[in-house]
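Pasted below: entry-v9.pdb, PDB, C-alpha atoms and all ligand atoms.
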```pdb
ATOM      1  CA  MET A  82      67.537  -6.867 -60.789
ATOM      2  CA  THR A  83      66.494 -10.339 -61.977
ATOM      3  CA  ASP A  84      64.378 -12.611 -59.830
ATOM      4  CA  ARG A  85      66.609 -15.550 -58.887
ATOM      5  CA  HIS A  86      63.552 -17.714 -58.165
ATOM      6  CA  PRO A  87      60.934 -16.979 -60.811
ATOM      7  CA  LYS A  88      57.574 -18.508 -60.011
ATOM      8  CA  ARG A  89      57.230 -21.628 -62.112
ATOM      9  CA  LEU A  90      53.439 -21.704 -62.476
ATOM     10  CA  LEU A  91      52.666 -18.048 -62.961
ATOM     11  CA  GLY A  92      49.402 -17.516 -64.840
ATOM     12  CA  LYS A  93      48.350 -21.160 -64.739
ATOM     13  CA  VAL A  94      44.896 -22.172 -63.522
ATOM     14  CA  VAL A  95      45.075 -25.508 -61.691
ATOM     15  CA  VAL A  96      42.365 -27.695 -60.153
ATOM     16  CA  VAL A  97      43.238 -29.995 -57.235
ATOM     17  CA  THR A  98      40.750 -32.606 -56.016
ATOM     18  CA  GLY A  99      40.672 -33.902 -52.445
ATOM     19  CA  ALA A 100      42.387 -30.711 -51.325
ATOM     20  CA  ALA A 101      40.764 -30.319 -47.897
ATOM     21  CA  ARG A 102      43.629 -32.080 -46.148
ATOM     22  CA  GLY A 103      46.636 -34.347 -46.586
ATOM     23  CA  GLN A 104      48.587 -34.354 -49.813
ATOM     24  CA  GLY A 105      45.957 -32.367 -51.721
ATOM     25  CA  ALA A 106      46.067 -29.480 -49.253
ATOM     26  CA  ALA A 107      49.871 -29.444 -49.327
ATOM     27  CA  GLU A 108      49.915 -29.568 -53.122
ATOM     28  CA  ALA A 109      47.478 -26.662 -53.343
ATOM     29  CA  LYS A 110      49.714 -24.553 -51.075
ATOM     30  CA  ALA A 111      52.852 -25.401 -53.029
ATOM     31  CA  LEU A 112      51.203 -24.678 -56.382
ATOM     32  CA  THR A 113      49.921 -21.347 -55.075
ATOM     33  CA  ARG A 114      53.441 -20.450 -53.871
ATOM     34  CA  GLU A 115      54.643 -21.036 -57.438
ATOM     35  CA  GLY A 116      52.151 -18.507 -58.772
ATOM     36  CA  ALA A 117      49.277 -20.762 -59.897
ATOM     37  CA  ARG A 118      45.649 -19.792 -59.439
ATOM     38  CA  VAL A 119      44.569 -22.941 -57.608
ATOM     39  CA  ILE A 120      40.968 -24.111 -57.347
ATOM     40  CA  THR A 121      40.861 -26.418 -54.342
ATOM     41  CA  THR A 122      37.991 -28.904 -54.264
ATOM     42  CA  ASP A 123      36.819 -31.632 -51.914
ATOM     43  CA  VAL A 124      33.741 -33.665 -51.040
ATOM     44  CA  THR A 125      34.054 -32.515 -47.428
ATOM     45  CA  LYS A 126      33.688 -28.905 -46.373
ATOM     46  CA  ALA A 127      36.901 -26.984 -45.724
ATOM     47  CA  PRO A 128      37.710 -23.274 -45.700
ATOM     48  CA  GLY A 129      38.454 -22.017 -49.211
ATOM     49  CA  CYS A 130      37.612 -25.384 -50.739
ATOM     50  CA  ARG A 131      34.865 -25.729 -53.321
ATOM     51  CA  ARG A 132      32.574 -28.692 -52.736
ATOM     52  CA  LEU A 133      33.111 -31.239 -55.502
ATOM     53  CA  ASP A 134      32.464 -34.958 -55.279
ATOM     54  CA  VAL A 135      34.744 -36.425 -57.932
ATOM     55  CA  THR A 136      32.204 -39.163 -58.684
ATOM     56  CA  SER A 137      29.523 -36.626 -59.632
ATOM     57  CA  GLY A 138      29.223 -35.583 -63.272
ATOM     58  CA  THR A 139      26.947 -32.736 -62.170
ATOM     59  CA  ASP A 140      29.619 -31.330 -59.849
ATOM     60  CA  TRP A 141      32.235 -31.509 -62.612
ATOM     61  CA  ALA A 142      29.873 -29.879 -65.128
ATOM     62  CA  GLU A 143      29.204 -26.981 -62.754
ATOM     63  CA  LEU A 144      32.900 -26.504 -62.029
ATOM     64  CA  THR A 145      33.720 -26.584 -65.748
ATOM     65  CA  ALA A 146      31.079 -23.958 -66.540
ATOM     66  CA  ASP A 147      32.345 -21.683 -63.745
ATOM     67  CA  LEU A 148      35.980 -22.049 -64.833
ATOM     68  CA  ARG A 149      35.094 -21.376 -68.462
ATOM     69  CA  GLU A 150      33.384 -18.165 -67.447
ATOM     70  CA  ALA A 151      36.018 -17.032 -64.933
ATOM     71  CA  TYR A 152      39.240 -17.946 -66.758
ATOM     72  CA  GLY A 153      38.379 -19.412 -70.177
ATOM     73  CA  GLN A 154      41.163 -21.967 -69.741
ATOM     74  CA  VAL A 155      42.510 -24.538 -67.300
ATOM     75  CA  HIS A 156      46.200 -25.489 -67.425
ATOM     76  CA  GLY A 157      46.463 -28.166 -64.781
ATOM     77  CA  LEU A 158      44.547 -30.876 -62.960
ATOM     78  CA  VAL A 159      45.707 -32.924 -59.997
ATOM     79  CA  ASN A 160      43.472 -35.969 -59.594
ATOM     80  CA  ASN A 161      44.427 -36.416 -55.955
ATOM     81  CA  ALA A 162      41.152 -37.368 -54.214
ATOM     82  CA  GLY A 163      41.177 -40.977 -53.127
ATOM     83  CA  VAL A 164      39.800 -43.380 -50.562
ATOM     84  CA  THR A 165      41.061 -46.629 -49.161
ATOM     85  CA  TRP A 166      39.152 -49.630 -47.862
ATOM     86  CA  ARG A 167      41.116 -52.237 -46.016
ATOM     87  CA  ALA A 168      38.962 -55.331 -46.504
ATOM     88  CA  ARG A 169      40.899 -58.327 -47.781
ATOM     89  CA  LEU A 170      40.060 -60.525 -50.776
ATOM     90  CA  GLY A 171      37.820 -62.929 -48.883
ATOM     91  CA  ASP A 172      35.861 -60.212 -47.110
ATOM     92  CA  VAL A 173      35.431 -57.324 -49.513
ATOM     93  CA  ARG A 174      31.831 -56.604 -50.505
ATOM     94  CA  PRO A 175      31.125 -55.748 -54.154
ATOM     95  CA  GLU A 176      29.482 -52.461 -53.113
ATOM     96  CA  ASP A 177      32.647 -51.357 -51.300
ATOM     97  CA  PHE A 178      34.772 -52.480 -54.230
ATOM     98  CA  ASP A 179      32.601 -50.346 -56.540
ATOM     99  CA  ARG A 180      32.612 -47.344 -54.197
ATOM    100  CA  VAL A 181      36.409 -47.258 -54.057
ATOM    101  CA  HIS A 182      36.599 -47.678 -57.837
ATOM    102  CA  ALA A 183      34.156 -44.784 -58.311
ATOM    103  CA  VAL A 184      36.316 -42.334 -56.327
ATOM    104  CA  ASN A 185      39.760 -43.566 -57.391
ATOM    105  CA  VAL A 186      39.096 -44.306 -61.074
ATOM    106  CA  THR A 187      35.787 -42.830 -62.277
ATOM    107  CA  GLY A 188      36.674 -39.581 -60.468
ATOM    108  CA  PRO A 189      39.896 -38.994 -62.440
ATOM    109  CA  LEU A 190      38.112 -40.108 -65.633
ATOM    110  CA  LEU A 191      35.405 -37.468 -65.154
ATOM    111  CA  GLY A 192      37.979 -34.827 -64.215
ATOM    112  CA  MET A 193      39.868 -35.400 -67.459
ATOM    113  CA  GLN A 194      36.705 -35.637 -69.569
ATOM    114  CA  TYR A 195      35.306 -32.367 -68.285
ATOM    115  CA  LEU A 196      38.459 -30.264 -67.989
ATOM    116  CA  ALA A 197      40.505 -31.400 -71.007
ATOM    117  CA  PRO A 198      38.307 -29.387 -73.418
ATOM    118  CA  LEU A 199      39.360 -26.237 -71.516
ATOM    119  CA  MET A 200      43.055 -27.137 -71.665
ATOM    120  CA  PRO A 201      45.357 -25.415 -74.171
ATOM    121  CA  PRO A 202      48.540 -27.109 -75.460
ATOM    122  CA  GLY A 203      51.133 -27.245 -72.682
ATOM    123  CA  SER A 204      48.615 -28.243 -70.028
ATOM    124  CA  SER A 205      49.398 -31.015 -67.584
ATOM    125  CA  ILE A 206      47.442 -33.617 -65.639
ATOM    126  CA  VAL A 207      48.833 -35.460 -62.615
ATOM    127  CA  ASN A 208      47.062 -38.605 -61.456
ATOM    128  CA  VAL A 209      47.845 -39.769 -57.943
ATOM    129  CA  GLY A 210      48.378 -43.519 -57.942
ATOM    130  CA  SER A 211      50.051 -45.408 -55.116
ATOM    131  CA  SER A 212      52.753 -47.961 -54.408
ATOM    132  CA  ALA A 213      49.663 -50.223 -54.267
ATOM    133  CA  ALA A 214      49.403 -49.692 -58.041
ATOM    134  CA  LEU A 215      52.801 -51.349 -58.511
ATOM    135  CA  THR A 216      52.479 -54.232 -56.051
ATOM    136  CA  ALA A 217      50.144 -56.819 -54.543
ATOM    137  CA  HIS A 218      49.001 -54.599 -51.690
ATOM    138  CA  TYR A 219      46.485 -56.450 -49.465
ATOM    139  CA  PRO A 220      43.498 -53.981 -49.461
ATOM    140  CA  VAL A 221      42.094 -55.457 -52.642
ATOM    141  CA  ALA A 222      39.594 -52.728 -53.623
ATOM    142  CA  TYR A 223      42.206 -49.998 -53.235
ATOM    143  CA  THR A 224      44.900 -51.969 -55.046
ATOM    144  CA  ALA A 225      42.647 -52.892 -57.972
ATOM    145  CA  SER A 226      41.463 -49.284 -58.297
ATOM    146  CA  LYS A 227      44.987 -47.861 -58.362
ATOM    147  CA  TRP A 228      46.086 -50.432 -60.975
ATOM    148  CA  ALA A 229      43.052 -49.372 -63.032
ATOM    149  CA  LEU A 230      44.101 -45.742 -62.689
ATOM    150  CA  ARG A 231      47.429 -46.634 -64.316
ATOM    151  CA  GLY A 232      45.574 -47.971 -67.356
ATOM    152  CA  LEU A 233      43.360 -44.909 -67.473
ATOM    153  CA  SER A 234      46.412 -42.636 -67.315
ATOM    154  CA  LYS A 235      48.146 -44.492 -70.150
ATOM    155  CA  THR A 236      45.099 -44.209 -72.391
ATOM    156  CA  ALA A 237      44.710 -40.539 -71.513
ATOM    157  CA  THR A 238      48.360 -39.974 -72.477
ATOM    158  CA  LEU A 239      47.586 -41.405 -75.884
ATOM    159  CA  GLU A 240      44.335 -39.494 -76.387
ATOM    160  CA  LEU A 241      45.462 -36.093 -75.103
ATOM    161  CA  GLY A 242      49.066 -36.095 -76.376
ATOM    162  CA  PRO A 243      48.140 -34.865 -79.873
ATOM    163  CA  ARG A 244      46.526 -31.825 -78.221
ATOM    164  CA  GLY A 245      49.717 -31.065 -76.295
ATOM    165  CA  ILE A 246      48.281 -32.159 -72.948
ATOM    166  CA  ARG A 247      50.573 -34.248 -70.754
ATOM    167  CA  VAL A 248      49.384 -36.949 -68.330
ATOM    168  CA  ASN A 249      51.646 -38.385 -65.662
ATOM    169  CA  THR A 250      51.110 -40.612 -62.636
ATOM    170  CA  ILE A 251      52.863 -40.410 -59.308
ATOM    171  CA  HIS A 252      53.013 -43.360 -56.938
ATOM    172  CA  PRO A 253      53.434 -42.295 -53.298
ATOM    173  CA  GLY A 254      54.584 -44.869 -50.786
ATOM    174  CA  TYR A 255      53.711 -44.475 -47.124
ATOM    175  CA  ILE A 256      53.065 -40.762 -46.575
ATOM    176  CA  ASP A 257      51.974 -39.483 -43.159
ATOM    177  CA  THR A 258      48.401 -38.212 -43.614
ATOM    178  CA  GLU A 259      45.019 -38.914 -42.044
ATOM    179  CA  MET A 260      44.597 -41.777 -44.488
ATOM    180  CA  THR A 261      47.617 -43.659 -43.187
ATOM    181  CA  ALA A 262      46.953 -42.564 -39.593
ATOM    182  CA  SER A 263      43.718 -44.554 -39.808
ATOM    183  CA  ALA A 264      45.639 -47.822 -40.293
ATOM    184  CA  ALA A 265      46.906 -50.099 -37.505
ATOM    185  CA  PRO A 266      50.367 -49.254 -36.075
ATOM    186  CA  ALA A 267      51.620 -52.553 -37.511
ATOM    187  CA  PHE A 268      50.926 -51.202 -41.002
ATOM    188  CA  ARG A 269      53.248 -48.252 -40.450
ATOM    189  CA  GLU A 270      55.975 -50.404 -38.900
ATOM    190  CA  ALA A 271      55.850 -52.967 -41.711
ATOM    191  CA  ASN A 272      56.058 -50.200 -44.315
ATOM    192  CA  ILE A 273      59.110 -48.712 -42.646
ATOM    193  CA  ARG A 274      60.760 -52.160 -42.575
ATOM    194  CA  GLU A 275      60.179 -52.560 -46.321
ATOM    195  CA  THR A 276      61.345 -49.040 -47.224
ATOM    196  CA  PRO A 277      65.075 -48.792 -48.038
ATOM    197  CA  LEU A 278      65.206 -45.223 -46.704
ATOM    198  CA  GLY A 279      63.854 -46.666 -43.451
ATOM    199  CA  ARG A 280      61.174 -44.080 -42.747
ATOM    200  CA  THR A 281      57.815 -42.726 -43.857
ATOM    201  CA  GLY A 282      57.449 -39.743 -46.189
ATOM    202  CA  SER A 283      55.828 -36.363 -45.620
ATOM    203  CA  VAL A 284      53.387 -34.449 -47.799
ATOM    204  CA  ASP A 285      56.085 -31.843 -48.379
ATOM    205  CA  GLU A 286      58.221 -34.499 -50.050
ATOM    206  CA  VAL A 287      55.451 -35.187 -52.570
ATOM    207  CA  THR A 288      54.588 -31.614 -53.545
ATOM    208  CA  PRO A 289      57.843 -30.724 -55.390
ATOM    209  CA  LEU A 290      57.202 -33.545 -57.861
ATOM    210  CA  VAL A 291      53.656 -32.337 -58.493
ATOM    211  CA  VAL A 292      54.887 -28.759 -59.021
ATOM    212  CA  PHE A 293      57.537 -30.027 -61.471
ATOM    213  CA  LEU A 294      55.053 -32.134 -63.444
ATOM    214  CA  LEU A 295      52.625 -29.208 -63.742
ATOM    215  CA  SER A 296      55.353 -26.793 -64.780
ATOM    216  CA  ASP A 297      56.877 -26.299 -68.218
ATOM    217  CA  GLU A 298      60.116 -27.787 -66.875
ATOM    218  CA  SER A 299      58.618 -31.230 -67.565
ATOM    219  CA  SER A 300      57.376 -30.259 -71.055
ATOM    220  CA  PHE A 301      58.511 -33.526 -72.740
ATOM    221  CA  ILE A 302      57.446 -35.877 -69.931
ATOM    222  CA  THR A 303      54.135 -37.627 -70.461
ATOM    223  CA  GLY A 304      52.887 -41.124 -69.752
ATOM    224  CA  ALA A 305      55.457 -41.455 -66.971
ATOM    225  CA  GLU A 306      54.889 -43.220 -63.681
ATOM    226  CA  ILE A 307      57.071 -41.962 -60.884
ATOM    227  CA  PRO A 308      57.305 -43.702 -57.514
ATOM    228  CA  ILE A 309      57.894 -41.368 -54.588
ATOM    229  CA  ASP A 310      58.243 -44.015 -51.945
ATOM    230  CA  GLY A 311      61.694 -44.108 -50.329
ATOM    231  CA  GLY A 312      62.475 -47.161 -52.476
ATOM    232  CA  LEU A 313      59.525 -49.261 -51.283
ATOM    233  CA  THR A 314      58.689 -50.592 -54.746
ATOM    234  CA  ALA A 315      62.284 -50.821 -55.978
ATOM    235  CA  HIS A 316      63.202 -54.161 -54.446
ATOM    236  CA  GLY A 317      60.381 -56.400 -55.592
ATOM    237  CA  GLY A 318      59.629 -57.568 -52.079
ATOM    238  CA  VAL A 319      63.032 -59.042 -51.308
ATOM    239  CA  LYS A 320      64.392 -56.359 -48.981
ATOM    240  CA  SER A 321      64.060 -58.839 -46.117
ATOM    241  CA  VAL A 322      66.482 -61.199 -47.929
ATOM    242  CA  SER A 323      69.052 -58.427 -48.219
ATOM    243  CA  ASP A 324      68.507 -57.333 -44.613
ATOM    244  CA  SER A 325      68.817 -60.842 -43.182
ATOM    245  CA  LEU A 326      72.111 -61.486 -45.000
ATOM    246  CA  ARG A 327      73.632 -58.049 -44.444
ATOM    247  CA  SER A 328      75.945 -59.173 -41.651
ATOM    248  CA  GLU A 329      76.986 -62.381 -43.434
ATOM    249  CA  ALA A 330      80.095 -62.622 -45.594
ATOM    250  CA  PRO A 331      79.282 -62.143 -49.330
TER
HETATM  251  P1  LIG A 401      43.504 -38.140 -47.099
HETATM  252  O1  LIG A 401      42.485 -39.155 -46.728
HETATM  253  O2  LIG A 401      44.195 -37.374 -46.047
HETATM  254  O3  LIG A 401      42.889 -37.101 -48.138
HETATM  255  C1  LIG A 401      42.045 -37.508 -49.180
HETATM  256  C2  LIG A 401      41.085 -36.382 -49.502
HETATM  257  O4  LIG A 401      40.224 -36.837 -50.567
HETATM  258  C3  LIG A 401      40.179 -36.026 -48.314
HETATM  259  O5  LIG A 401      40.193 -34.629 -48.083
HETATM  260  C4  LIG A 401      38.809 -36.525 -48.753
HETATM  261  O6  LIG A 401      37.727 -35.767 -48.228
HETATM  262  C5  LIG A 401      38.911 -36.407 -50.265
HETATM  263  N1  LIG A 401      37.906 -37.230 -50.939
HETATM  264  C6  LIG A 401      37.514 -38.486 -50.631
HETATM  265  N2  LIG A 401      36.510 -38.862 -51.436
HETATM  266  C7  LIG A 401      36.266 -37.823 -52.273
HETATM  267  C8  LIG A 401      35.332 -37.603 -53.314
HETATM  268  N3  LIG A 401      34.418 -38.527 -53.651
HETATM  269  N4  LIG A 401      35.370 -36.409 -53.967
HETATM  270  C9  LIG A 401      36.262 -35.459 -53.609
HETATM  271  N5  LIG A 401      37.159 -35.602 -52.624
HETATM  272  C10 LIG A 401      37.156 -36.780 -51.963
HETATM  273  O7  LIG A 401      44.568 -38.957 -47.962
HETATM  274  P2  LIG A 401      45.978 -38.570 -48.621
HETATM  275  O8  LIG A 401      46.976 -39.468 -48.017
HETATM  276  O9  LIG A 401      46.204 -37.117 -48.660
HETATM  277  O10 LIG A 401      45.698 -39.129 -50.095
HETATM  278  C11 LIG A 401      45.763 -38.354 -51.274
HETATM  279  C12 LIG A 401      45.948 -39.296 -52.449
HETATM  280  O11 LIG A 401      47.177 -39.993 -52.321
HETATM  281  C13 LIG A 401      44.872 -40.388 -52.576
HETATM  282  O12 LIG A 401      44.579 -40.608 -53.933
HETATM  283  C14 LIG A 401      45.556 -41.606 -51.990
HETATM  284  O13 LIG A 401      45.020 -42.805 -52.472
HETATM  285  C15 LIG A 401      46.972 -41.379 -52.454
HETATM  286  N6  LIG A 401      47.990 -42.092 -51.702
HETATM  287  C16 LIG A 401      48.186 -41.858 -50.373
HETATM  288  C17 LIG A 401      49.212 -42.515 -49.717
HETATM  289  C18 LIG A 401      49.553 -42.273 -48.274
HETATM  290  O14 LIG A 401      50.408 -42.990 -47.756
HETATM  291  N7  LIG A 401      48.963 -41.323 -47.603
HETATM  292  C19 LIG A 401      49.998 -43.448 -50.408
HETATM  293  C20 LIG A 401      49.756 -43.665 -51.739
HETATM  294  C21 LIG A 401      48.758 -42.974 -52.381
END
```
Would it be possible to restate this file's structure as structure tokens?
Amino acid sequence: MTDRHPKRLLGKVVVVTGAARGQGAAEAKALTREGARVITTDVTKAPGCRRLDVTSGTDWAELTADLREAYGQVHGLVNNAGVTWRARLGDVRPEDFDRVHAVNVTGPLLGMQYLAPLMPPGSSIVNVGSSAALTAHYPVAYTASKWALRGLSKTATLELGPRGIRVNTIHPGYIDTEMTASAAPAFREANIRETPLGRTGSVDEVTPLVVFLLSDESSFITGAEIPIDGGLTAHGGVKSVSDSLRSEAP
């Protein structure tokens, strides 16, 4: 009898950063369900999670050495770890700006630098951007870091493509996690107002895209940027115009 649902990531070794909670934890579960051997990592302690601060070259070097010894190869990396900082342009301190950049940009850079040498052709990297990377989102350090991550991803596409390694970026909109729970209620409400689907997203709506991008089903997709945001970034900020005229005659 044939298996109607073959596991799509069987035999693949995949590293997920920031996997102690939120999207990273959900992604790790989904990747495991698809047959991957997932190495979950995070700066905070969590059961089954290896401690790895994405800003630390030493941590990455140790992980790389252990993976080389244990598996010889790595087939996937999800650069998911990220932090926000909601200071506005006039208030943000350079040290906070740098700290956010270190986690959201230098972290993925180090991840790719250390793990790419272990990646055979057919491997796949997913960088987790944000709708903030496509818009003028007010938390300036976060927004600038996620725009920088787009540039990093594009360059990585170019550098790693000849070795058969794919690099794609996903841009979640408002997803219910501890990160968004830490914002004011007005933030959630305003996001829902601006989202054509009229609601927030869940971590389980993000994971299928990550599974797809790590699987061989997306073998010719690289350098792509895929919003997963209920349409938040589709309307260029003019949803309110459409909404206010909806009841008027055309
Ligand atoms: P979260 O805060 O729930 O989880 C982030 C995880 O990253 C935490 O477990 C945290 O400990 C870890 N982390 C932070 N700094 C780290 C470091 N230096 N090294 C290793 N791990 C570190 O947030 P989330 O919503 O699950 O966010 C996951 C990713 O999605 C982030 O990159 C975030 O910017 C992005 N994102 C989130 C949303 C959203 O609405 N939740 C929207 C767009 C993008």
Residues contacting ligand LIG 401 (chain A) - anything with an atom at most 6 Å away, using only C-alpha atoms and all ligand atoms - can you give me those as a ChimeraX atom specification? /A:98-105,123-125,133-136,161-164,184,209-212,253-261
Contacts of A:Leu91 within 9 Å, only C-alpha atoms, excl. fewer than 4 positions in-chain, as a PyMOL selection string: chain A and resi 87+113+115-118
Cut-off 10 Å around (31.2, -33.3, -64.7) with only C-alpha atoms: residues as a ChimeraX atom specification: /A:133-146,188,190-196
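Among the candidate residues A:Thr165, A:Ser234, A:Thr216, A:Thr303, the one lying nearest to A:Pro189 is A:Ser234, with distances computed using only C-alpha atoms.
Nearest residue to A:Thr281 among A:Gly311, A:Glu298, A:Glu176, A:Ser263 is A:Gly311, counting all atoms listed in the file.
With atom CA of A:Val173 on one side and atom CA of A:Ala222 on the other, the separation reads 7.4 Å.
Nearest to A:Ile302 of all the residues A:Arg280, A:Thr238, A:Arg327, A:Asp285 is A:Thr238, counting all atoms listed in the file.
Here atom CA of A:Met200 stands at a distance of 28.7 Å from atom CA of A:Arg180.
What the PyMOL selection byres (((chain A and resi 294) around 9) and not hetatm) matches in the given file is Ser205, Ile206, Val207, Arg247, Val248, Asn249, Pro289, Leu290, Val291, Val292, Phe293, Leu295, Ser296, Asp297, Glu298, Ser299, Ser300, Ile302 and Thr303 of chain A.
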Could you name the residues that touch stretch 274-278 of chain A at 12 Å or less, counting only C-alpha atoms, but leaving out those on the same chain fewer than 2 positions away, as number ranges by chain? A: 212, 254-256, 267-272, 280-282, 309-325
Could you save the residues just selected, with C-alpha atoms, as a PDB file, keeping the file's coordinate frame?
```
ATOM      1  CA  SER A 212      52.753 -47.961 -54.408  1.00  0.00           C
ATOM      2  CA  GLY A 254      54.584 -44.869 -50.786  1.00  0.00           C
ATOM      3  CA  TYR A 255      53.711 -44.475 -47.124  1.00  0.00           C
ATOM      4  CA  ILE A 256      53.065 -40.762 -46.575  1.00  0.00           C
ATOM      5  CA  ALA A 267      51.620 -52.553 -37.511  1.00  0.00           C
ATOM      6  CA  PHE A 268      50.926 -51.202 -41.002  1.00  0.00           C
ATOM      7  CA  ARG A 269      53.248 -48.252 -40.450  1.00  0.00           C
ATOM      8  CA  GLU A 270      55.975 -50.404 -38.900  1.00  0.00           C
ATOM      9  CA  ALA A 271      55.850 -52.967 -41.711  1.00  0.00           C
ATOM     10  CA  ASN A 272      56.058 -50.200 -44.315  1.00  0.00           C
ATOM     11  CA  ARG A 280      61.174 -44.080 -42.747  1.00  0.00           C
ATOM     12  CA  THR A 281      57.815 -42.726 -43.857  1.00  0.00           C
ATOM     13  CA  GLY A 282      57.449 -39.743 -46.189  1.00  0.00           C
ATOM     14  CA  ILE A 309      57.894 -41.368 -54.588  1.00  0.00           C
ATOM     15  CA  ASP A 310      58.243 -44.015 -51.945  1.00  0.00           C
ATOM     16  CA  GLY A 311      61.694 -44.108 -50.329  1.00  0.00           C
ATOM     17  CA  GLY A 312      62.475 -47.161 -52.476  1.00  0.00           C
ATOM     18  CA  LEU A 313      59.525 -49.261 -51.283  1.00  0.00           C
ATOM     19  CA  THR A 314      58.689 -50.592 -54.746  1.00  0.00           C
ATOM     20  CA  ALA A 315      62.284 -50.821 -55.978  1.00  0.00           C
ATOM     21  CA  HIS A 316      63.202 -54.161 -54.446  1.00  0.00           C
ATOM     22  CA  GLY A 317      60.381 -56.400 -55.592  1.00  0.00           C
ATOM     23  CA  GLY A 318      59.629 -57.568 -52.079  1.00  0.00           C
ATOM     24  CA  VAL A 319      63.032 -59.042 -51.308  1.00  0.00           C
ATOM     25  CA  LYS A 320      64.392 -56.359 -48.981  1.00  0.00           C
ATOM     26  CA  SER A 321      64.060 -58.839 -46.117  1.00  0.00           C
ATOM     27  CA  VAL A 322      66.482 -61.199 -47.929  1.00  0.00           C
ATOM     28  CA  SER A 323      69.052 -58.427 -48.219  1.00  0.00           C
ATOM     29  CA  ASP A 324      68.507 -57.333 -44.613  1.00  0.00           C
ATOM     30  CA  SER A 325      68.817 -60.842 -43.182  1.00  0.00           C
TER      31      SER A 325
END
```
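With only C-alpha atoms taken into account, every residue lying no more than 9 Å from the file point (45.6, -48.6, -61.6) is included here: Asn185, Val186, Gly210, Ser211, Ala213, Ala214, Leu215, Thr224, Ala225, Ser226, Lys227, Trp228, Ala229, Leu230, Arg231, Gly232, Leu233 and Ser234 of chain A.
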Please provide the set of residues having any atom within 8 Å of A:Ala109, restricted to all atoms listed in the file, with same-chain residues fewer than 5 positions apart removed, written as a PyMOL selection string. chain A and resi 97+100+119+121
Counting all atoms listed in the file, which of A:Val284, A:Ser204, A:Val221, A:Ala262 gets nearest to A:Gly245? A:Ser204
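Interatomic distance, atom CA of A:Asp179 against atom CA of A:Thr236: 21.1 Å.
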Can I get stretch 253-257 of chain A with all heavy atoms filled in, as a compact mmCIF listing (two decimals), keeping the file's coordinate frame?
```
# COMPACT_ATOMS: atom_id res chain seq x y z
N PRO A 253 52.89 -42.46 -54.65
CA PRO A 253 53.43 -42.30 -53.30
C PRO A 253 53.50 -43.63 -52.56
O PRO A 253 52.64 -44.50 -52.75
CB PRO A 253 52.42 -41.35 -52.62
CG PRO A 253 51.61 -40.76 -53.72
CD PRO A 253 51.60 -41.78 -54.82
N GLY A 254 54.53 -43.75 -51.73
CA GLY A 254 54.58 -44.87 -50.79
C GLY A 254 53.85 -44.45 -49.53
O GLY A 254 52.81 -43.78 -49.60
N TYR A 255 54.39 -44.83 -48.37
CA TYR A 255 53.71 -44.48 -47.12
C TYR A 255 53.99 -43.01 -46.81
O TYR A 255 55.12 -42.62 -46.51
CB TYR A 255 54.21 -45.36 -45.98
CG TYR A 255 53.41 -45.20 -44.70
CD1 TYR A 255 52.61 -46.24 -44.22
CD2 TYR A 255 53.44 -44.02 -43.96
CE1 TYR A 255 51.88 -46.09 -43.05
CE2 TYR A 255 52.71 -43.86 -42.80
CZ TYR A 255 51.94 -44.91 -42.35
OH TYR A 255 51.21 -44.77 -41.20
N ILE A 256 52.96 -42.19 -46.88
CA ILE A 256 53.06 -40.76 -46.58
C ILE A 256 52.20 -40.51 -45.33
O ILE A 256 51.06 -40.98 -45.26
CB ILE A 256 52.54 -39.90 -47.75
CG1 ILE A 256 53.20 -40.30 -49.09
CG2 ILE A 256 52.73 -38.41 -47.46
CD1 ILE A 256 54.70 -40.09 -49.18
N ASP A 257 52.73 -39.77 -44.38
CA ASP A 257 51.97 -39.48 -43.16
C ASP A 257 50.84 -38.50 -43.44
O ASP A 257 51.07 -37.31 -43.64
CB ASP A 257 52.92 -38.91 -42.08
CG ASP A 257 53.77 -40.01 -41.47
OD1 ASP A 257 53.20 -41.01 -40.99
OD2 ASP A 257 55.01 -39.87 -41.49
```
